[in-house]
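Student: Sharing structure02.pdb (PDB, N, CA, C and O atoms) below.
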MODEL        1
ATOM      1  N   MET X1020      60.831 -93.858 -99.862
ATOM      2  CA  MET X1020      59.976 -94.415-100.893
ATOM      3  C   MET X1020      60.316 -93.727-102.212
ATOM      4  O   MET X1020      60.488 -92.512-102.256
ATOM      5  N   ASN X1021      60.395 -94.488-103.303
ATOM      6  CA  ASN X1021      60.758 -93.899-104.589
ATOM      7  C   ASN X1021      59.531 -93.353-105.317
ATOM      8  O   ASN X1021      58.395 -93.591-104.941
ATOM      9  N   LEU X1022      59.780 -92.601-106.365
ATOM     10  CA  LEU X1022      58.724 -91.933-107.116
ATOM     11  C   LEU X1022      57.690 -92.913-107.666
ATOM     12  O   LEU X1022      56.487 -92.661-107.594
ATOM     13  N   GLU X1023      58.159 -94.024-108.214
ATOM     14  CA  GLU X1023      57.236 -95.007-108.781
ATOM     15  C   GLU X1023      56.290 -95.553-107.712
ATOM     16  O   GLU X1023      55.086 -95.703-107.945
ATOM     17  N   ALA X1024      56.824 -95.842-106.540
ATOM     18  CA  ALA X1024      56.007 -96.370-105.444
ATOM     19  C   ALA X1024      55.005 -95.323-104.958
ATOM     20  O   ALA X1024      53.852 -95.652-104.661
ATOM     21  N   ILE X1025      55.438 -94.083-104.891
ATOM     22  CA  ILE X1025      54.539 -93.012-104.455
ATOM     23  C   ILE X1025      53.423 -92.817-105.471
ATOM     24  O   ILE X1025      52.245 -92.715-105.105
ATOM     25  N   PHE X1026      53.770 -92.773-106.751
ATOM     26  CA  PHE X1026      52.739 -92.645-107.783
ATOM     27  C   PHE X1026      51.747 -93.796-107.667
ATOM     28  O   PHE X1026      50.532 -93.585-107.725
ATOM     29  N   GLY X1027      52.261 -94.993-107.507
ATOM     30  CA  GLY X1027      51.401 -96.168-107.399
ATOM     31  C   GLY X1027      50.455 -96.090-106.223
ATOM     32  O   GLY X1027      49.272 -96.428-106.338
ATOM     33  N   GLN X1028      50.951 -95.627-105.095
ATOM     34  CA  GLN X1028      50.106 -95.528-103.902
ATOM     35  C   GLN X1028      49.027 -94.475-104.088
ATOM     36  O   GLN X1028      47.874 -94.683-103.727
ATOM     37  N   VAL X1029      49.399 -93.339-104.678
ATOM     38  CA  VAL X1029      48.421 -92.277-104.933
ATOM     39  C   VAL X1029      47.354 -92.778-105.898
ATOM     40  O   VAL X1029      46.153 -92.581-105.674
ATOM     41  N   LEU X1030      47.778 -93.421-106.966
ATOM     42  CA  LEU X1030      46.835 -93.961-107.950
ATOM     43  C   LEU X1030      45.874 -94.954-107.299
ATOM     44  O   LEU X1030      44.654 -94.874-107.493
ATOM     45  N   LYS X1031      46.408 -95.853-106.533
ATOM     46  CA  LYS X1031      45.582 -96.861-105.861
ATOM     47  C   LYS X1031      44.577 -96.208-104.912
ATOM     48  O   LYS X1031      43.406 -96.588-104.874
ATOM     49  N   ASN X1032      45.031 -95.217-104.151
ATOM     50  CA  ASN X1032      44.146 -94.521-103.214
ATOM     51  C   ASN X1032      42.995 -93.829-103.941
ATOM     52  O   ASN X1032      41.842 -93.928-103.521
ATOM     53  N   ILE X1033      43.308 -93.134-105.022
ATOM     54  CA  ILE X1033      42.269 -92.435-105.787
ATOM     55  C   ILE X1033      41.288 -93.441-106.374
ATOM     56  O   ILE X1033      40.066 -93.254-106.313
ATOM     57  N   ARG X1034      41.825 -94.503-106.948
ATOM     58  CA  ARG X1034      40.974 -95.524-107.568
ATOM     59  C   ARG X1034      40.024 -96.126-106.545
ATOM     60  O   ARG X1034      38.824 -96.260-106.793
ATOM     61  N   LYS X1035      40.543 -96.440-105.373
ATOM     62  CA  LYS X1035      39.703 -97.034-104.327
ATOM     63  C   LYS X1035      38.690 -96.031-103.779
ATOM     64  O   LYS X1035      37.562 -96.412-103.480
ATOM     65  N   GLU X1036      39.083 -94.768-103.630
ATOM     66  CA  GLU X1036      38.152 -93.734-103.179
ATOM     67  C   GLU X1036      36.966 -93.623-104.133
ATOM     68  O   GLU X1036      35.843 -93.380-103.703
ATOM     69  N   GLN X1037      37.249 -93.801-105.425
ATOM     70  CA  GLN X1037      36.199 -93.713-106.439
ATOM     71  C   GLN X1037      35.470 -95.046-106.632
ATOM     72  O   GLN X1037      34.578 -95.145-107.468
ATOM     73  N   LYS X1038      35.885 -96.054-105.863
ATOM     74  CA  LYS X1038      35.275 -97.393-105.946
ATOM     75  C   LYS X1038      35.326 -97.962-107.369
ATOM     76  O   LYS X1038      34.338 -98.472-107.897
ATOM     77  N   VAL X1039      36.524 -97.843-107.956
ATOM     78  CA  VAL X1039      36.763 -98.334-109.309
ATOM     79  C   VAL X1039      37.760 -99.483-109.221
ATOM     80  O   VAL X1039      38.782 -99.362-108.539
ATOM     81  N   SER X1040      37.467-100.581-109.882
ATOM     82  CA  SER X1040      38.402-101.708-109.899
ATOM     83  C   SER X1040      39.547-101.418-110.874
ATOM     84  O   SER X1040      39.443-100.529-111.731
ATOM     85  N   GLN X1041      40.619-102.184-110.736
ATOM     86  CA  GLN X1041      41.722-102.051-111.693
ATOM     87  C   GLN X1041      41.217-102.352-113.097
ATOM     88  O   GLN X1041      41.605-101.679-114.058
ATOM     89  N   GLU X1042      40.369-103.341-113.213
ATOM     90  CA  GLU X1042      39.835-103.723-114.519
ATOM     91  C   GLU X1042      39.021-102.583-115.132
ATOM     92  O   GLU X1042      39.147-102.280-116.319
ATOM     93  N   GLU X1043      38.174-101.947-114.326
ATOM     94  CA  GLU X1043      37.368-100.834-114.819
ATOM     95  C   GLU X1043      38.241 -99.648-115.206
ATOM     96  O   GLU X1043      38.015 -99.005-116.237
ATOM     97  N   LEU X1044      39.248 -99.343-114.387
ATOM     98  CA  LEU X1044      40.165 -98.251-114.719
ATOM     99  C   LEU X1044      40.897 -98.552-116.019
ATOM    100  O   LEU X1044      41.053 -97.673-116.871
ATOM    101  N   ALA X1045      41.327 -99.774-116.180
ATOM    102  CA  ALA X1045      42.007-100.177-117.414
ATOM    103  C   ALA X1045      41.087 -99.994-118.619
ATOM    104  O   ALA X1045      41.496 -99.463-119.656
ATOM    105  N   PHE X1046      39.838-100.406-118.476
ATOM    106  CA  PHE X1046      38.871-100.275-119.564
ATOM    107  C   PHE X1046      38.654 -98.804-119.908
ATOM    108  O   PHE X1046      38.703 -98.414-121.075
ATOM    109  N   ARG X1047      38.425 -97.989-118.883
ATOM    110  CA  ARG X1047      38.166 -96.560-119.106
ATOM    111  C   ARG X1047      39.343 -95.843-119.747
ATOM    112  O   ARG X1047      39.166 -94.908-120.518
ATOM    113  N   SER X1048      40.556 -96.266-119.394
ATOM    114  CA  SER X1048      41.759 -95.588-119.893
ATOM    115  C   SER X1048      42.356 -96.270-121.126
ATOM    116  O   SER X1048      43.372 -95.824-121.646
ATOM    117  N   ASN X1049      41.720 -97.363-121.566
ATOM    118  CA  ASN X1049      42.196 -98.126-122.727
ATOM    119  C   ASN X1049      43.617 -98.654-122.515
ATOM    120  O   ASN X1049      44.455 -98.642-123.406
ATOM    121  N   LEU X1050      43.871 -99.091-121.271
ATOM    122  CA  LEU X1050      45.154 -99.687-120.908
ATOM    123  C   LEU X1050      44.901-101.098-120.400
ATOM    124  O   LEU X1050      43.764-101.473-120.127
ATOM    125  N   ASP X1051      45.942-101.869-120.257
ATOM    126  CA  ASP X1051      45.812-103.235-119.770
ATOM    127  C   ASP X1051      45.730-103.263-118.244
ATOM    128  O   ASP X1051      46.405-102.478-117.573
ATOM    129  N   ARG X1052      44.910-104.144-117.699
ATOM    130  CA  ARG X1052      44.765-104.248-116.246
ATOM    131  C   ARG X1052      46.083-104.575-115.579
ATOM    132  O   ARG X1052      46.399-104.063-114.502
ATOM    133  N   THR X1053      46.891-105.410-116.197
ATOM    134  CA  THR X1053      48.181-105.758-115.592
ATOM    135  C   THR X1053      49.107-104.535-115.547
ATOM    136  O   THR X1053      49.913-104.406-114.632
ATOM    137  N   TYR X1054      48.966-103.644-116.514
ATOM    138  CA  TYR X1054      49.755-102.402-116.511
ATOM    139  C   TYR X1054      49.330-101.525-115.336
ATOM    140  O   TYR X1054      50.185-100.976-114.626
ATOM    141  N   ILE X1055      48.029-101.414-115.111
ATOM    142  CA  ILE X1055      47.523-100.648-113.968
ATOM    143  C   ILE X1055      48.075-101.253-112.677
ATOM    144  O   ILE X1055      48.533-100.536-111.782
ATOM    145  N   SER X1056      48.051-102.560-112.586
ATOM    146  CA  SER X1056      48.577-103.254-111.402
ATOM    147  C   SER X1056      50.057-102.951-111.203
ATOM    148  O   SER X1056      50.502-102.672-110.081
ATOM    149  N   MET X1057      50.820-102.992-112.276
ATOM    150  CA  MET X1057      52.258-102.712-112.167
ATOM    151  C   MET X1057      52.516-101.263-111.762
ATOM    152  O   MET X1057      53.434-100.988-110.997
ATOM    153  N   LEU X1058      51.688-100.345-112.247
ATOM    154  CA  LEU X1058      51.820 -98.953-111.831
ATOM    155  C   LEU X1058      51.564 -98.828-110.340
ATOM    156  O   LEU X1058      52.321 -98.180-109.614
ATOM    157  N   GLU X1059      50.487 -99.458-109.871
ATOM    158  CA  GLU X1059      50.131 -99.360-108.456
ATOM    159  C   GLU X1059      51.168-100.008-107.549
ATOM    160  O   GLU X1059      51.329 -99.590-106.411
ATOM    161  N   ARG X1060      51.858-101.008-108.045
ATOM    162  CA  ARG X1060      52.884-101.673-107.240
ATOM    163  C   ARG X1060      54.249-101.009-107.380
ATOM    164  O   ARG X1060      55.222-101.434-106.755
ATOM    165  N   GLY X1061      54.335 -99.952-108.182
ATOM    166  CA  GLY X1061      55.590 -99.220-108.329
ATOM    167  C   GLY X1061      56.604 -99.915-109.212
ATOM    168  O   GLY X1061      57.788 -99.585-109.176
ATOM    169  N   ILE X1062      56.141-100.846-110.021
ATOM    170  CA  ILE X1062      57.049-101.584-110.907
ATOM    171  C   ILE X1062      57.352-100.777-112.167
ATOM    172  O   ILE X1062      58.453-100.846-112.711
ATOM    173  N   HIS X1063      56.367-100.031-112.632
ATOM    174  CA  HIS X1063      56.523 -99.181-113.815
ATOM    175  C   HIS X1063      56.133 -97.764-113.472
ATOM    176  O   HIS X1063      55.408 -97.531-112.503
ATOM    177  N   GLN X1064      56.585 -96.840-114.299
ATOM    178  CA  GLN X1064      56.097 -95.474-114.202
ATOM    179  C   GLN X1064      55.343 -95.179-115.494
ATOM    180  O   GLN X1064      55.666 -95.731-116.545
ATOM    181  N   PRO X1065      54.321 -94.341-115.427
ATOM    182  CA  PRO X1065      53.496 -94.131-116.611
ATOM    183  C   PRO X1065      54.173 -93.261-117.649
ATOM    184  O   PRO X1065      54.967 -92.381-117.321
ATOM    185  N   THR X1066      53.839 -93.518-118.909
ATOM    186  CA  THR X1066      54.229 -92.609-119.978
ATOM    187  C   THR X1066      53.302 -91.403-119.897
ATOM    188  O   THR X1066      52.284 -91.430-119.196
ATOM    189  N   LEU X1067      53.620 -90.371-120.614
ATOM    190  CA  LEU X1067      52.758 -89.190-120.629
ATOM    191  C   LEU X1067      51.375 -89.548-121.164
ATOM    192  O   LEU X1067      50.352 -89.117-120.607
ATOM    193  N   ASN X1068      51.325 -90.350-122.216
ATOM    194  CA  ASN X1068      50.035 -90.774-122.762
ATOM    195  C   ASN X1068      49.226 -91.539-121.727
ATOM    196  O   ASN X1068      48.017 -91.328-121.585
ATOM    197  N   SER X1069      49.873 -92.448-121.000
ATOM    198  CA  SER X1069      49.184 -93.233-119.977
ATOM    199  C   SER X1069      48.706 -92.341-118.843
ATOM    200  O   SER X1069      47.589 -92.508-118.346
ATOM    201  N   LEU X1070      49.536 -91.408-118.430
ATOM    202  CA  LEU X1070      49.170 -90.489-117.355
ATOM    203  C   LEU X1070      47.924 -89.700-117.732
ATOM    204  O   LEU X1070      46.990 -89.565-116.929
ATOM    205  N   LEU X1071      47.893 -89.185-118.945
ATOM    206  CA  LEU X1071      46.731 -88.427-119.408
ATOM    207  C   LEU X1071      45.489 -89.309-119.479
ATOM    208  O   LEU X1071      44.398 -88.884-119.082
ATOM    209  N   ALA X1072      45.633 -90.533-119.964
ATOM    210  CA  ALA X1072      44.498 -91.448-120.075
ATOM    211  C   ALA X1072      43.963 -91.847-118.702
ATOM    212  O   ALA X1072      42.744 -91.892-118.486
ATOM    213  N   ILE X1073      44.857 -92.114-117.771
ATOM    214  CA  ILE X1073      44.451 -92.506-116.412
ATOM    215  C   ILE X1073      43.746 -91.342-115.723
ATOM    216  O   ILE X1073      42.694 -91.520-115.105
ATOM    217  N   ALA X1074      44.304 -90.157-115.848
ATOM    218  CA  ALA X1074      43.684 -88.983-115.221
ATOM    219  C   ALA X1074      42.289 -88.762-115.790
ATOM    220  O   ALA X1074      41.332 -88.538-115.034
ATOM    221  N   ALA X1075      42.139 -88.845-117.096
ATOM    222  CA  ALA X1075      40.827 -88.662-117.722
ATOM    223  C   ALA X1075      39.844 -89.738-117.249
ATOM    224  O   ALA X1075      38.687 -89.446-116.966
ATOM    225  N   ALA X1076      40.337 -90.966-117.134
ATOM    226  CA  ALA X1076      39.485 -92.072-116.679
ATOM    227  C   ALA X1076      39.041 -91.872-115.237
ATOM    228  O   ALA X1076      37.977 -92.364-114.841
ATOM    229  N   LEU X1077      39.825 -91.154-114.460
ATOM    230  CA  LEU X1077      39.481 -90.860-113.065
ATOM    231  C   LEU X1077      38.777 -89.510-112.933
ATOM    232  O   LEU X1077      38.560 -89.028-111.831
ATOM    233  N   ASP X1078      38.445 -88.904-114.086
ATOM    234  CA  ASP X1078      37.737 -87.632-114.142
ATOM    235  C   ASP X1078      38.496 -86.527-113.412
ATOM    236  O   ASP X1078      37.950 -85.799-112.582
ATOM    237  N   MET X1079      39.784 -86.455-113.714
ATOM    238  CA  MET X1079      40.622 -85.405-113.148
ATOM    239  C   MET X1079      41.653 -84.983-114.180
ATOM    240  O   MET X1079      41.846 -85.670-115.182
ATOM    241  N   LYS X1080      42.289 -83.861-113.944
ATOM    242  CA  LYS X1080      43.344 -83.393-114.840
ATOM    243  C   LYS X1080      44.658 -84.068-114.447
ATOM    244  O   LYS X1080      44.882 -84.370-113.273
ATOM    245  N   ALA X1081      45.503 -84.289-115.440
ATOM    246  CA  ALA X1081      46.806 -84.893-115.174
ATOM    247  C   ALA X1081      47.599 -84.048-114.181
ATOM    248  O   ALA X1081      48.276 -84.583-113.304
ATOM    249  N   ALA X1082      47.479 -82.740-114.287
ATOM    250  CA  ALA X1082      48.198 -81.847-113.365
ATOM    251  C   ALA X1082      47.742 -82.069-111.928
ATOM    252  O   ALA X1082      48.551 -81.992-111.001
ATOM    253  N   GLU X1083      46.459 -82.342-111.750
ATOM    254  CA  GLU X1083      45.935 -82.613-110.412
ATOM    255  C   GLU X1083      46.523 -83.911-109.858
ATOM    256  O   GLU X1083      46.940 -83.973-108.698
ATOM    257  N   LEU X1084      46.580 -84.929-110.711
ATOM    258  CA  LEU X1084      47.153 -86.209-110.303
ATOM    259  C   LEU X1084      48.632 -86.049-109.956
ATOM    260  O   LEU X1084      49.089 -86.520-108.909
ATOM    261  N   VAL X1085      49.364 -85.343-110.790
ATOM    262  CA  VAL X1085      50.788 -85.103-110.531
ATOM    263  C   VAL X1085      50.957 -84.287-109.247
ATOM    264  O   VAL X1085      51.860 -84.548-108.447
ATOM    265  N   GLY X1086      50.086 -83.316-109.036
ATOM    266  CA  GLY X1086      50.147 -82.513-107.816
ATOM    267  C   GLY X1086      49.976 -83.356-106.568
ATOM    268  O   GLY X1086      50.671 -83.146-105.559
ATOM    269  N   LEU X1087      49.063 -84.323-106.613
ATOM    270  CA  LEU X1087      48.880 -85.219-105.475
ATOM    271  C   LEU X1087      50.129 -86.059-105.230
ATOM    272  O   LEU X1087      50.514 -86.293-104.084
ATOM    273  N   VAL X1088      50.769 -86.479-106.311
ATOM    274  CA  VAL X1088      52.019 -87.237-106.179
ATOM    275  C   VAL X1088      53.102 -86.352-105.576
ATOM    276  O   VAL X1088      53.831 -86.778-104.673
ATOM    277  N   GLU X1089      53.194 -85.112-106.039
ATOM    278  CA  GLU X1089      54.188 -84.181-105.494
ATOM    279  C   GLU X1089      53.954 -83.942-104.006
ATOM    280  O   GLU X1089      54.910 -83.926-103.221
ATOM    281  N   ASN X1090      52.701 -83.762-103.612
ATOM    282  CA  ASN X1090      52.389 -83.556-102.195
ATOM    283  C   ASN X1090      52.805 -84.770-101.358
ATOM    284  O   ASN X1090      53.352 -84.615-100.263
ATOM    285  N   GLU X1091      52.552 -85.932-101.883
ATOM    286  CA  GLU X1091      52.931 -87.157-101.164
ATOM    287  C   GLU X1091      54.446 -87.282-101.075
ATOM    288  O   GLU X1091      54.980 -87.682-100.039
ATOM    289  N   MET X1092      55.146 -86.911-102.130
ATOM    290  CA  MET X1092      56.619 -86.948-102.114
ATOM    291  C   MET X1092      57.159 -86.016-101.039
ATOM    292  O   MET X1092      58.085 -86.375-100.311
ATOM    293  N   GLU X1093      56.569 -84.834-100.919
ATOM    294  CA  GLU X1093      57.008 -83.869 -99.915
ATOM    295  C   GLU X1093      56.825 -84.405 -98.514
ATOM    296  O   GLU X1093      57.663 -84.191 -97.640
ATOM    297  N   SER X1094      55.742 -85.135 -98.303
ATOM    298  CA  SER X1094      55.509 -85.675 -96.955
ATOM    299  C   SER X1094      56.541 -86.746 -96.602
ATOM    300  O   SER X1094      56.875 -86.916 -95.431
ATOM    301  N   TYR X1095      57.066 -87.455 -97.588
ATOM    302  CA  TYR X1095      58.108 -88.459 -97.326
ATOM    303  C   TYR X1095      59.474 -87.807 -97.133
ATOM    304  O   TYR X1095      60.341 -88.369 -96.476
ATOM    305  N   GLN X1096      59.668 -86.630 -97.719
ATOM    306  CA  GLN X1096      60.959 -85.951 -97.607
ATOM    307  C   GLN X1096      61.091 -85.184 -96.304
ATOM    308  O   GLN X1096      62.182 -84.862 -95.878
ATOM    309  N   ASN X1097      59.968 -84.890 -95.680
ATOM    310  CA  ASN X1097      60.010 -84.106 -94.420
ATOM    311  C   ASN X1097      60.058 -84.988 -93.206
ATOM    312  O   ASN X1097      59.922 -86.075 -93.085
TER     313      ASN X1097
ENDMDL
END
Could you render the structure as structure tokens?

Tutor:
Amino acid sequence: MNLEAIFGQVLKNIRKEQKVSQEELAFRSNLDRTYISMLERGIHQPTLNSLLAIAAALDMKAAELVGLVENEMESYQN
């Protein structure tokens, strides 16, 4: 699995755990819902600005979000 797909899966999992729709996440992060969808499907990777906005919208630090992605990457490499 590539980095974009892993990021997308982690993002989707967190969003669903928090019971937040793509539309609500987009609103909170001031991003477009279709962009959130493309991130979750691994079509795009976030810019630094988007990463920070998404993390804030999910009430977490960007480093925490990146750490979850890194942990997931390690599980695919092992």

Student: Pick the closest to His1063 in chain X from X:Glu1043, X:Asp1051, X:Glu1093, X:Glu1023: which is it, counting all atoms listed in the file?

Tutor: X:Glu1023

Student: Could you check how far atom O of Leu1077 in chain X sits from CA of Gly1061 in chain X, in Å to one decimal?

Tutor: 20.2 Å

Student: Determine the nearest neighbour of Ala1072 in chain X from the options X:Leu1058, X:Ala1045, X:Ile1033, X:Met1092, counting only C-alpha atoms.

Tutor: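 Looking at the shortest contact to Ala1072 in chain X, the residue is X:Ala1045.
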
Student: Using only C-alpha atoms, can you tell me which of X:Val1029, X:Leu1071, X:Val1039, X:Ala1024 comes closest to Val1088 in chain X?

Tutor: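 Result for the nearest residue to Val1088 in chain X: X:Val1029.
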
Student: In Å, with one decimal, what is the gap from atom N of Gln1064 in chain X to atom C of Asp1078 in chain X?

Tutor: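 One can read the atom N of Gln1064 in chain X to atom C of Asp1078 in chain X distance as 20.8 Å.
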
Student: Atom C of Phe1046 in chain X and atom O of Gly1086 in chain X are how many Å apart?

Tutor: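 Computed distance, atom C of Phe1046 in chain X to atom O of Gly1086 in chain X, equals 24.4 Å.
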
Student: Select, from X:Ser1048, X:Gln1028, X:Thr1053, X:Asn1021, the residue with the minimum atom-to-atom distance to Ala1075 in chain X, counting only N, CA, C and O atoms.

Tutor: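 Once distances to Ala1075 in chain X are computed over only N, CA, C and O atoms, the minimum belongs to X:Ser1048.
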
Student: I need the residue set behind the PyMOL selection byres (((chain X and resi 1031 and name CA) around 9) and name CA) for this file; please write it as a list in words.

Tutor: Phe1026, Gly1027, Gln1028, Val1029, Leu1030, Asn1032, Ile1033, Arg1034, Lys1035, Glu1036, Gln1041, Ser1056, Leu1058, Glu1059 and Arg1060 of chain X

Student: What residues in chain X get the DSSP label helix (DSSP H, G or I)? Please answer as JSON, numbers by chain.

Tutor: {"X": [1022, 1023, 1024, 1025, 1026, 1027, 1028, 1029, 1030, 1031, 1032, 1033, 1034, 1035, 1036, 1041, 1042, 1043, 1044, 1045, 1046, 1047, 1048, 1052, 1053, 1054, 1055, 1056, 1057, 1058, 1059, 1067, 1068, 1069, 1070, 1071, 1072, 1073, 1074, 1075, 1076, 1081, 1082, 1083, 1084, 1085, 1086, 1087, 1088, 1089, 1090, 1091, 1092, 1093, 1094, 1095, 1096]}

Student: My list of candidates is X:Leu1022, X:Leu1050, X:Met1057, X:Leu1070. Which is closest to Ala1082 in chain X when distances are computed with only N, CA, C and O atoms?

Tutor: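 Closest residue, counting only N, CA, C and O atoms: X:Leu1070.
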